[in-house]
Structure formats: C-alpha cells, structure tokens
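Undergrad: Following this line is entry_20.txt, made up of compact mmCIF, C-alpha atoms:
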# COMPACT_ATOMS: atom_id res chain seq x y z
CA MET A 212 21.81 -14.81 -16.70
CA SER A 213 18.07 -14.77 -17.23
CA GLY A 214 17.06 -11.69 -15.30
CA LEU A 215 17.58 -13.37 -11.91
CA THR A 216 19.70 -10.53 -10.52
CA GLU A 217 17.07 -7.95 -11.44
CA LEU A 218 14.35 -10.24 -10.10
CA ALA A 219 16.14 -10.61 -6.77
CA PHE A 220 16.72 -6.84 -6.66
CA ALA A 221 13.02 -6.14 -7.28
CA TYR A 222 11.96 -8.59 -4.54
CA VAL A 223 14.46 -7.07 -2.08
CA ILE A 224 13.00 -3.62 -2.76
CA MET A 225 9.42 -4.82 -2.25
CA ILE A 226 10.36 -6.67 0.96
CA GLY A 227 12.29 -3.57 2.12
CA ILE A 228 9.33 -1.24 1.49
CA ILE A 229 6.88 -3.44 3.43
CA GLY A 230 9.35 -4.34 6.19
CA SER A 231 10.58 -0.82 6.82
CA TYR A 232 7.06 0.62 6.89
CA VAL A 233 5.82 -2.02 9.37
CA TRP A 234 8.92 -1.38 11.51
CA TYR A 235 8.31 2.37 11.35
CA LEU A 236 4.65 1.94 12.39
CA PHE A 237 5.46 -0.31 15.36
CA SER A 238 8.22 1.98 16.66
CA LYS A 239 6.01 5.04 16.20
CA LEU A 240 3.12 3.30 17.99
CA ASN A 241 5.35 2.41 20.95
CA ASP A 242 6.71 5.96 21.07
CA ILE A 243 3.24 7.59 21.01
CA GLN A 244 1.88 5.13 23.57
CA SER A 245 4.68 5.90 26.01
CA ARG A 246 4.13 9.67 25.54
CA ILE A 247 0.38 9.26 26.11
CA ASN A 248 1.02 7.21 29.28
CA ILE A 249 3.24 10.01 30.66
CA VAL A 250 0.65 12.71 29.88
CA GLU A 251 -2.21 10.62 31.31
CA SER A 252 -0.31 9.93 34.52
CA TYR A 253 0.38 13.69 34.77
CA PHE A 254 -3.36 14.44 34.38
CA THR A 255 -4.28 11.78 36.96
CA LYS A 256 -1.76 13.18 39.44
CA ASP A 257 -2.97 16.72 38.78
CA LYS A 258 -6.59 15.68 39.35
CA SER A 259 -5.83 13.90 42.65
CA GLU A 260 -3.93 16.98 43.90
CA ASP A 261 -6.95 19.21 43.10
CA GLU A 262 -9.20 16.92 45.17
CA MET B 201 -10.54 1.36 22.85
CA PRO B 202 -9.86 -2.36 22.24
CA ASN B 203 -6.23 -3.31 21.79
CA TYR B 204 -5.85 -3.99 18.08
CA LYS B 205 -2.07 -4.17 18.19
CA PRO B 206 -1.81 -7.97 18.73
CA ILE B 207 -4.47 -8.56 16.04
CA SER B 208 -2.60 -6.45 13.51
CA LEU B 209 0.70 -8.11 14.47
CA ALA B 210 -0.82 -11.58 13.96
CA LEU B 211 -2.27 -10.59 10.57
CA ILE B 212 1.02 -9.03 9.45
CA LEU B 213 3.03 -12.10 10.48
CA LEU B 214 0.56 -14.44 8.76
CA GLY B 215 0.66 -12.26 5.64
CA LEU B 216 4.46 -12.14 5.61
CA PHE B 217 4.66 -15.91 6.10
CA GLY B 218 2.20 -16.61 3.26
CA SER B 219 3.85 -14.15 0.89
CA SER B 220 7.29 -15.65 1.66
CA VAL B 221 5.89 -19.10 0.87
CA SER B 222 4.52 -17.71 -2.40
CA ILE B 223 8.02 -16.50 -3.40
CA LEU B 224 9.49 -19.92 -2.60
CA LEU B 225 6.77 -21.74 -4.53
CA GLY B 226 7.13 -19.25 -7.36
CA PHE B 227 10.82 -20.05 -7.67
CA LEU B 228 10.85 -23.76 -6.84
CA TRP B 229 7.47 -25.16 -7.91
CA ALA B 230 5.95 -22.96 -10.63
CA PRO B 231 7.25 -23.95 -14.07
CA GLY B 232 9.41 -21.52 -16.04
CA ILE B 233 8.39 -20.04 -19.36
CA ASN B 234 9.77 -20.88 -22.75
CA PRO B 235 12.88 -18.67 -23.18
CA ASP B 236 12.26 -18.49 -26.94
CA SER B 237 8.89 -16.80 -26.42
CA VAL B 238 10.31 -13.75 -24.59
CA GLN B 239 13.16 -11.26 -24.97
CA GLU B 240 16.55 -12.96 -24.66
CA GLY B 241 17.72 -13.29 -21.07
CA SER B 242 14.38 -12.39 -19.47
CA ALA B 243 12.75 -15.81 -18.95
CA GLU B 244 13.21 -15.95 -15.17
CA SER B 245 12.29 -12.31 -14.57
CA TYR B 246 8.61 -13.16 -15.17
CA ARG B 247 8.52 -14.64 -11.68
CA ILE B 248 8.16 -11.06 -10.41
CA LEU B 249 4.46 -11.52 -11.15
CA PHE B 250 3.84 -13.29 -7.84
CA TRP B 251 4.41 -10.15 -5.79
CA HIS B 252 4.15 -7.33 -8.29
CA VAL B 253 0.53 -8.16 -9.19
CA SER B 254 -0.50 -8.56 -5.52
CA PHE B 255 1.12 -5.22 -4.74
CA ALA B 256 -0.87 -3.62 -7.58
CA TRP B 257 -4.15 -5.19 -6.43
CA CYS B 258 -3.54 -4.03 -2.85
CA SER B 259 -2.89 -0.52 -4.13
CA PHE B 260 -6.25 -0.60 -5.94
CA LEU B 261 -7.89 -1.74 -2.67
CA SER B 262 -6.19 1.21 -0.95
CA PHE B 263 -7.59 3.63 -3.49
CA LEU B 264 -11.05 2.10 -3.04
CA MET B 265 -10.67 2.75 0.70
CA LEU B 266 -9.55 6.29 -0.09
CA PHE B 267 -12.56 6.79 -2.37
CA ILE B 268 -15.10 5.57 0.23
CA GLY B 269 -13.39 7.71 2.88
CA SER B 270 -13.43 10.79 0.63
CA ILE B 271 -17.16 10.39 -0.09
CA LEU B 272 -18.03 9.79 3.58
CA TRP B 273 -16.03 12.81 4.68
CA TYR B 274 -17.16 15.14 1.90
CA LEU B 275 -20.88 14.33 2.16
CA LYS B 276 -21.29 13.65 5.89
CA SER B 277 -18.13 14.98 7.56
CA ASP B 278 -17.93 11.49 9.02
CA GLU B 279 -14.90 10.93 11.29
CA PHE B 280 -14.74 7.26 10.28
CA GLY B 281 -14.62 8.45 6.66
CA TRP B 282 -11.56 10.56 7.45
CA ARG B 283 -9.88 7.57 9.12
CA LEU B 284 -10.53 5.55 5.94
CA PHE B 285 -9.17 8.43 3.86
CA SER B 286 -5.98 8.69 5.96
CA THR B 287 -5.29 4.96 5.95
CA GLY B 288 -6.22 4.62 2.27
CA SER B 289 -3.78 7.34 1.22
CA ASP B 290 -0.95 5.86 3.33
CA MET B 291 -1.60 2.34 2.00
CA GLY B 292 -1.94 3.67 -1.57
CA LEU B 293 1.48 5.28 -1.30
CA LEU B 294 3.06 2.18 0.28
CA PHE B 295 1.79 -0.33 -2.27
CA GLY B 296 2.03 2.13 -5.18
CA LEU B 297 5.72 2.68 -4.42
CA GLY B 298 6.24 -1.10 -4.42
CA VAL B 299 4.69 -1.33 -7.88
CA ILE B 300 6.47 1.58 -9.52
CA THR B 301 9.88 0.56 -8.20
CA SER B 302 9.69 -3.18 -8.94
CA GLY B 303 7.97 -2.70 -12.33
CA PRO B 304 10.78 -0.73 -14.02
CA ILE B 305 13.40 -3.21 -12.75
CA TRP B 306 11.48 -5.99 -14.46
CA GLY B 307 10.82 -3.76 -17.48
CA SER B 308 14.53 -3.10 -17.97
CA VAL B 309 15.01 -6.86 -18.44
CA ALA B 310 11.81 -7.75 -20.29
CA TRP B 311 11.47 -4.67 -22.52
CA GLY B 312 15.06 -3.49 -22.66
CA LYS B 313 14.11 -0.20 -20.98
CA PRO B 314 12.67 0.59 -17.55
CA TRP B 315 9.92 3.02 -18.54
CA ASP B 316 7.77 3.82 -21.53
CA TRP B 317 6.39 7.35 -21.44
CA GLY B 318 3.82 6.40 -24.08
CA ASP B 319 2.26 3.55 -22.10
CA LEU B 320 -1.05 4.53 -20.54
CA ARG B 321 -0.96 2.03 -17.66
CA LEU B 322 2.54 2.90 -16.49
CA ASN B 323 1.89 6.62 -16.52
CA SER B 324 -1.61 6.54 -15.04
CA PHE B 325 -0.32 4.30 -12.24
CA ALA B 326 2.58 6.66 -11.58
CA LEU B 327 0.10 9.56 -11.46
CA LEU B 328 -2.06 7.58 -9.01
CA THR B 329 0.92 7.05 -6.71
CA ALA B 330 1.83 10.72 -7.06
CA VAL B 331 -1.72 11.63 -5.92
CA ALA B 332 -1.25 9.36 -2.86
CA LEU B 333 2.11 11.00 -2.13
CA PHE B 334 0.54 14.45 -2.40
CA LEU B 335 -2.30 13.48 -0.05
CA VAL B 336 0.07 11.99 2.55
CA MET B 337 2.42 15.00 2.45
CA SER B 338 -0.49 17.46 2.63
CA ARG B 339 -2.02 15.65 5.61
CA LYS B 340 1.30 15.78 7.44
CA SER B 341 2.07 19.42 6.62
CA GLN B 342 -1.30 21.18 6.77
CA PRO B 343 -3.29 21.99 9.93
CA ASP B 344 -5.99 19.38 10.51
CA THR B 345 -9.09 21.54 9.86
CA SER B 346 -12.41 20.83 8.13
CA GLN B 347 -11.35 23.00 5.18
CA THR B 348 -8.15 21.00 4.69
CA ARG B 349 -10.08 17.73 4.92
CA ASP B 350 -12.68 18.97 2.37
CA THR B 351 -9.98 19.98 -0.11
CA LEU B 352 -8.00 16.77 0.27
CA SER B 353 -11.09 14.57 0.00
CA ILE B 354 -11.92 16.22 -3.36
CA ILE B 355 -8.40 15.38 -4.57
CA GLY B 356 -8.91 11.84 -3.25
CA LEU B 357 -12.07 11.51 -5.37
CA PHE B 358 -10.15 12.70 -8.43
CA GLY B 359 -7.43 10.14 -7.70
CA PHE B 360 -9.91 7.28 -7.64
CA PHE B 361 -11.11 8.07 -11.16
CA LEU B 362 -7.64 7.06 -12.35
CA VAL B 363 -8.19 3.52 -11.00
CA PRO B 364 -10.59 2.28 -13.74
CA ILE B 365 -8.44 4.05 -16.36
CA THR B 366 -5.34 2.27 -15.03
CA ALA B 367 -7.13 -1.08 -14.70
CA ALA B 368 -8.56 -0.94 -18.23
CA ALA B 369 -5.47 0.60 -19.81
CA THR B 370 -3.90 -2.71 -20.85
CA THR B 371 -7.11 -3.83 -22.55
CA LEU B 372 -8.00 -0.55 -24.23
CA TYR B 373 -4.53 0.72 -25.03
CA ASN B 374 -2.01 -2.07 -24.87
CA ARG B 375 1.40 -0.78 -25.83
CA ARG B 376 4.02 -2.12 -23.43
CA HIS B 377 2.54 -3.47 -20.20
CA PRO B 378 1.32 -7.12 -20.44
CA PRO B 379 -2.47 -7.52 -20.71
CA ILE B 380 -4.70 -9.09 -18.02
CA ILE B 381 -3.39 -12.66 -18.14
CA ILE B 382 -5.35 -14.24 -15.31
CA ILE B 383 -8.59 -14.41 -17.28
CA GLU B 384 -8.45 -17.35 -19.67
CA GLY B 385 -8.54 -16.19 -23.29
CA GLU B 386 -7.09 -16.80 -26.73
CA ASP B 387 -3.77 -15.11 -25.95
CA THR B 388 -3.98 -15.06 -22.17
CA GLY B 389 -4.27 -17.47 -19.25
CA LEU B 390 -1.81 -18.95 -16.78
CA PRO B 391 -0.61 -22.46 -15.93
CA ASP B 392 -2.45 -23.88 -12.90
CA GLU B 393 0.69 -23.72 -10.72
CA TRP B 394 1.18 -20.03 -11.48
CA LEU B 395 -2.46 -19.31 -10.75
CA LEU B 396 -2.33 -21.14 -7.40
CA VAL B 397 0.82 -19.31 -6.32
CA LEU B 398 -0.72 -16.02 -7.39
CA ILE B 399 -3.89 -16.75 -5.39
CA LEU B 400 -1.81 -17.67 -2.32
CA SER B 401 0.19 -14.47 -2.79
CA PHE B 402 -2.95 -12.35 -3.05
CA ILE B 403 -4.59 -13.92 0.03
CA SER B 404 -1.36 -13.36 1.99
CA PHE B 405 -1.10 -9.78 0.79
CA GLY B 406 -4.75 -9.32 1.74
CA LEU B 407 -3.96 -10.32 5.33
CA LEU B 408 -0.88 -8.09 5.28
CA PHE B 409 -2.96 -5.24 3.90
CA ILE B 410 -5.59 -5.59 6.65
CA GLY B 411 -2.93 -5.89 9.38
CA VAL B 412 -0.95 -2.85 8.22
CA SER B 413 -4.16 -0.84 7.72
CA ILE B 414 -5.28 -1.56 11.31
CA LEU B 415 -1.84 -0.60 12.64
CA ASN B 416 -1.76 2.54 10.51
CA ASP B 417 -5.21 3.57 11.74
CA LEU B 418 -4.13 2.94 15.34
CA VAL B 419 -1.12 5.24 14.90
CA ASN B 420 -3.29 7.95 13.28
CA GLN B 421 -5.84 7.76 16.11
CA LEU B 422 -3.18 7.95 18.80
CA GLU B 423 -1.57 10.90 17.01
CA SER B 424 -4.82 12.83 17.09
CA LYS B 425 -5.19 11.90 20.78
CA THR B 426 -1.75 13.42 21.53
CA GLU B 427 -2.75 16.54 19.62
CA ASN B 428 -5.86 16.85 21.80
CA TYR B 429 -3.76 16.47 24.96
CA GLN B 430 -1.35 19.06 23.59
CA ARG B 431 -4.25 21.50 23.14
CA ILE B 432 -5.41 20.89 26.73
CA ILE B 433 -1.90 21.49 28.09
CA ASP B 434 -1.48 24.63 25.96
CA GLY B 435 -4.86 25.89 27.20
CA ARG B 436 -3.84 25.40 30.86
CA GLU B 437 -0.55 27.17 30.41
CA SER B 438 -1.98 30.24 28.63
Could you write out this structure as structure tokens?

TA:
Amino acid sequence: MSGLTELAFAYVIMIGIIGSYVWYLFSKLNDIQSRINIVESYFTKDKSEDE
Amino acid sequence: MPNYKPISLALILLGLFGSSVSILLGFLWAPGINPDSVQEGSAESYRILFWHVSFAWCSFLSFLMLFIGSILWYLKSDEFGWRLFSTGSDMGLLFGLGVITSGPIWGSVAWGKPWDWGDLRLNSFALLTAVALFLVMSRKSQPDTSQTRDTLSIIGLFGFFLVPITAAATTLYNRRHPPIIIIEGEDTGLPDEWLLVLILSFISFGLLFIGVSILNDLVNQLESKTENYQRIIDGRES
C-alpha cells in the first residue's frame, strides 16, 4: 500500500462533487424551463382571450 | 436570451474529458516520487496534486468573481454584478468543498493526520469555504432585496481578503501544507511530466469552471424569472 486507496477515495469524492452538482444544475434547469413554458402558455392564452 | 445551455454542456464535457485524461496521464505517464523522500507508504498519494491543485485554483477564480461582483453591486447596484456574486459564491462553495474534502484524505496519508489546526493555509481555506457556504445559504433563505444584497456583498468583500492570506500562507507561514512547488526554486520545482499534466488539468478545469458558471448563471436567471411571474400571478389573484 502506498496511499493508493486514499488517493482513489479522494478522486472519487472530487468526481462525485463535480458530477452531482452538474447533474443537479441540468435537472433544475429542465424543471424551471418546463414551469416557465407552462406559465408563459397560460399568459399567452389569457391575453388572446382578453382580445 | 441566447441559448447558452448547449455551449455550457460542450464546455463541461470538454473539461471533464480533459480532466479525466489528466488523471490517466498522472497515473500512467508521470513518474512517481522517491518513496524514501516522503513518509512511509505515501509515495503514490502525491498524485492527488493533479486535481487538488486545479480545484484550489478554480476556487480562487470563484472568489475573484465573487469579489468583482460584490464591488459592482455595492458601488453601482449593478445587476450583472449580482449575477457574478451569485455564481462566484456557488462556484466558491463547489470547488472549496472539493479542496477541503480531498486535502484531509491526502493529509491522513502524507502527514499521518487529516488536519492541522495550527496550519494557516488549511484553516484560512476552510474559513473561505465557510464564507461561501454562508453566502449561498443566506441567498437561498433571505428575501431577495437590495438590503440583503448590500449586506451579503460586504461579507463577500471580507471573504476575498482571505484569498491573498491563503495563497501566501505556505510561503509566509509554512508549517504543514507543501509550499508553492510549481515555481522553480532551490527546494521546489516539478518534473516536466508533472508540470505538463498539471497544466492540462488546469486548462480542463478552466473549461469546466466556465461551463458550470454559465449553467449556474442560467439557472439563477431563470429562477428570478419564475419569481417575477409568481409576483404577477399573485398580483392578479389579490
């Protein structure tokens, strides 16, 4: 053993931190975009009904 | 608003590819160090350098972004400044966490203990990450008003003053953390292979940093857009 286990553990943690945050951002972005699309279609529909 | 999502995705993928190559090169190509010159059983653990250092440099870039954002917001109430502040604090927390979790794992092998409470660099870096954590939590929990932004930008300015202290700590007060080894000196310097892998790692992390920052900013902007829509809907209903 020459610290390889600890080294691998440290790399896994760093990969995990980056990977999970990027995953979180993409899923959050998709979620917000779909919510915005729903609200915008509601506003568009509302506006056309007023006219 | 232009669609930055594919750009950020491309940068993130390029960054991840380059940083993965840097790990492979670090393990397979870069020469090992003399086991007699370090603590017994820790010769291989030095290969953590290829990511740990890039993580630390990216965290300093994040705090620079935070600093510029804090100044722009505090002096001019500039909306772009607040976007820089928000992204800088998120990135500072992300990369800071990477440094303070991987560092002690390496330290436990190389020093025989994970943390040294007397080492200036370790503790100032931990404080810096704690400032980023505080800023991120405050942004999420407090109402987004000018007063909140003013207060948080002052704390952001304070946080940045820890950066030069942390960066110079190993030169001025070297107790446990290794000194700056990239600059060639009497006791410092790196083999060419190590330097090349480290440069590749830093360029890759730079791309990753830009990609994640763009994505983070996009999420923050869309969040404030949903809040605006929410206000409009609330106003119609009342």

Undergrad: Ranking B:Ser353, B:Ser245, B:Ser413, B:Asn203 by minimum distance to chain A and counting all atoms listed in the file, which one comes first?

TA: B:Ser245

Undergrad: With all atoms listed in the file as the atoms that count, which of A:Asp257, A:Arg246, A:Val223, A:Val233 lies nearest to Gly298 (chain B)?

TA: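 Nearest to Gly298 (chain B): A:Val223.
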
Undergrad: Excluding same-chain residues fewer than 6 positions from Ile212 (chain B), what lies within 9 Å of it counting only C-alpha atoms, as an mmCIF file with C-alpha atoms, in the coordinates of the input?

TA:
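Ended up saving to result-v1.cif:
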data_model
loop_
_atom_site.group_PDB
_atom_site.id
_atom_site.type_symbol
_atom_site.label_atom_id
_atom_site.label_comp_id
_atom_site.auth_asym_id
_atom_site.auth_seq_id
_atom_site.Cartn_x
_atom_site.Cartn_y
_atom_site.Cartn_z
ATOM 1 C CA VAL A 233 5.820 -2.020 9.370
ATOM 2 C CA SER B 404 -1.360 -13.360 1.990
ATOM 3 C CA PHE B 405 -1.100 -9.780 0.790
ATOM 4 C CA LEU B 407 -3.960 -10.320 5.330
ATOM 5 C CA LEU B 408 -0.880 -8.090 5.280
ATOM 6 C CA PHE B 409 -2.960 -5.240 3.900
ATOM 7 C CA ILE B 410 -5.590 -5.590 6.650
ATOM 8 C CA GLY B 411 -2.930 -5.890 9.380
ATOM 9 C CA VAL B 412 -0.950 -2.850 8.220
#

Undergrad: If we count only C-alpha atoms, which residues of chain B reach to within 7 Å of chain A? Please list them as an NGL selection string.

TA: :B and (241-245 or 248 or 298 or 302 or 305-306 or 309 or 412 or 415-416 or 419 or 422 or 426)

Undergrad: Skip region 356-367 of chain B itself and residues of its chain fewer than 5 positions away, then list as a PDB file with C-alpha atoms, in the coordinates of the input all residues within 8 Å of it, counting only C-alpha atoms.

TA:
ATOM      1  CA  PHE B 260      -6.250  -0.600  -5.940  1.00  0.00           C
ATOM      2  CA  PHE B 263      -7.590   3.630  -3.490  1.00  0.00           C
ATOM      3  CA  LEU B 264     -11.050   2.100  -3.040  1.00  0.00           C
ATOM      4  CA  LEU B 266      -9.550   6.290  -0.090  1.00  0.00           C
ATOM      5  CA  PHE B 267     -12.560   6.790  -2.370  1.00  0.00           C
ATOM      6  CA  SER B 270     -13.430  10.790   0.630  1.00  0.00           C
ATOM      7  CA  ILE B 271     -17.160  10.390  -0.090  1.00  0.00           C
ATOM      8  CA  PHE B 285      -9.170   8.430   3.860  1.00  0.00           C
ATOM      9  CA  LEU B 320      -1.050   4.530 -20.540  1.00  0.00           C
ATOM     10  CA  ARG B 321      -0.960   2.030 -17.660  1.00  0.00           C
ATOM     11  CA  SER B 324      -1.610   6.540 -15.040  1.00  0.00           C
ATOM     12  CA  PHE B 325      -0.320   4.300 -12.240  1.00  0.00           C
ATOM     13  CA  LEU B 328      -2.060   7.580  -9.010  1.00  0.00           C
ATOM     14  CA  VAL B 331      -1.720  11.630  -5.920  1.00  0.00           C
ATOM     15  CA  ALA B 332      -1.250   9.360  -2.860  1.00  0.00           C
ATOM     16  CA  LEU B 335      -2.300  13.480  -0.050  1.00  0.00           C
TER      17      LEU B 335
END

Undergrad: CA of Gln421 (chain B) to CA of Glu279 (chain B): how many Å, to one decimal?

TA: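 That distance, rounded to one decimal, is 10.7 Å.
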
Undergrad: Calculate how many Å separate CA of Ile432 (chain B) from CA of Glu260 (chain A), rounding to one decimal.

TA: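 Here the two named atoms are 17.7 Å from each other.
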
Undergrad: Just the number, please: distance in Å from CA of Phe295 (chain B) to CA of Ser238 (chain A), one decimal.

TA: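 Spanning CA of Phe295 (chain B) to CA of Ser238 (chain A) is a straight-line distance of 20.1 Å.
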
Undergrad: How big is the axis-aligned box, and where does its centre sit, when it encloses all atoms of region 286-304 of chain B listed in the file and has 3 Å added on every side, reported in Å to one decimal as lines of an AutoDock Vina configuration file?

TA:
center_x = 2.3
center_y = 2.8
center_z = -4.0
size_x = 23.0
size_y = 17.9
size_z = 26.0

Undergrad: From the set B:Val397, B:Leu293, B:Leu284, B:Ile414, which residue has the shortest atom-to-atom contact distance to Ser208 (chain B), counting all atoms listed in the file?

TA: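 For Ser208 (chain B), the nearest of the given residues is B:Ile414.
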
Undergrad: Neighbours of Arg349 (chain B) within 9 Å (only C-alpha atoms; same-chain residues fewer than 3 positions away dropped), as a ChimeraX atom specification?

TA: /B:270,273-274,277,282,339,344-346,352-354

Undergrad: Could you pull region 401-430 of chain B out of the structure just shown and give C-alpha atoms as a short mmCIF file (atom, residue, chain, number, x, y, z; two decimals), in the first residue's frame?

TA:
data_model
loop_
_atom_site.label_atom_id
_atom_site.label_comp_id
_atom_site.auth_asym_id
_atom_site.auth_seq_id
_atom_site.Cartn_x
_atom_site.Cartn_y
_atom_site.Cartn_z
CA SER B 401 -5.57 19.59 -15.70
CA PHE B 402 -5.81 23.33 -15.08
CA ILE B 403 -6.88 24.12 -18.67
CA SER B 404 -9.53 21.38 -18.45
CA PHE B 405 -10.75 22.65 -15.10
CA GLY B 406 -10.84 26.15 -16.58
CA LEU B 407 -13.23 24.95 -19.30
CA LEU B 408 -15.26 23.06 -16.69
CA PHE B 409 -15.33 26.16 -14.50
CA ILE B 410 -16.60 28.37 -17.35
CA GLY B 411 -19.20 25.77 -18.41
CA VAL B 412 -20.56 25.24 -14.90
CA SER B 413 -20.55 29.01 -14.23
CA ILE B 414 -22.63 29.67 -17.37
CA LEU B 415 -25.07 26.91 -16.41
CA ASN B 416 -25.27 28.17 -12.83
CA ASP B 417 -25.96 31.71 -14.03
CA LEU B 418 -28.65 30.41 -16.40
CA VAL B 419 -30.40 28.63 -13.51
CA ASN B 420 -30.17 31.75 -11.30
CA GLN B 421 -31.62 33.94 -14.07
CA LEU B 422 -34.49 31.56 -14.76
CA GLU B 423 -35.21 31.34 -11.03
CA SER B 424 -35.59 35.10 -10.80
CA LYS B 425 -37.81 34.99 -13.91
CA THR B 426 -40.13 32.47 -12.19
CA GLU B 427 -40.22 34.70 -9.11
CA ASN B 428 -41.32 37.62 -11.30
CA TYR B 429 -44.06 35.50 -12.88
CA GLN B 430 -45.11 34.41 -9.40
#
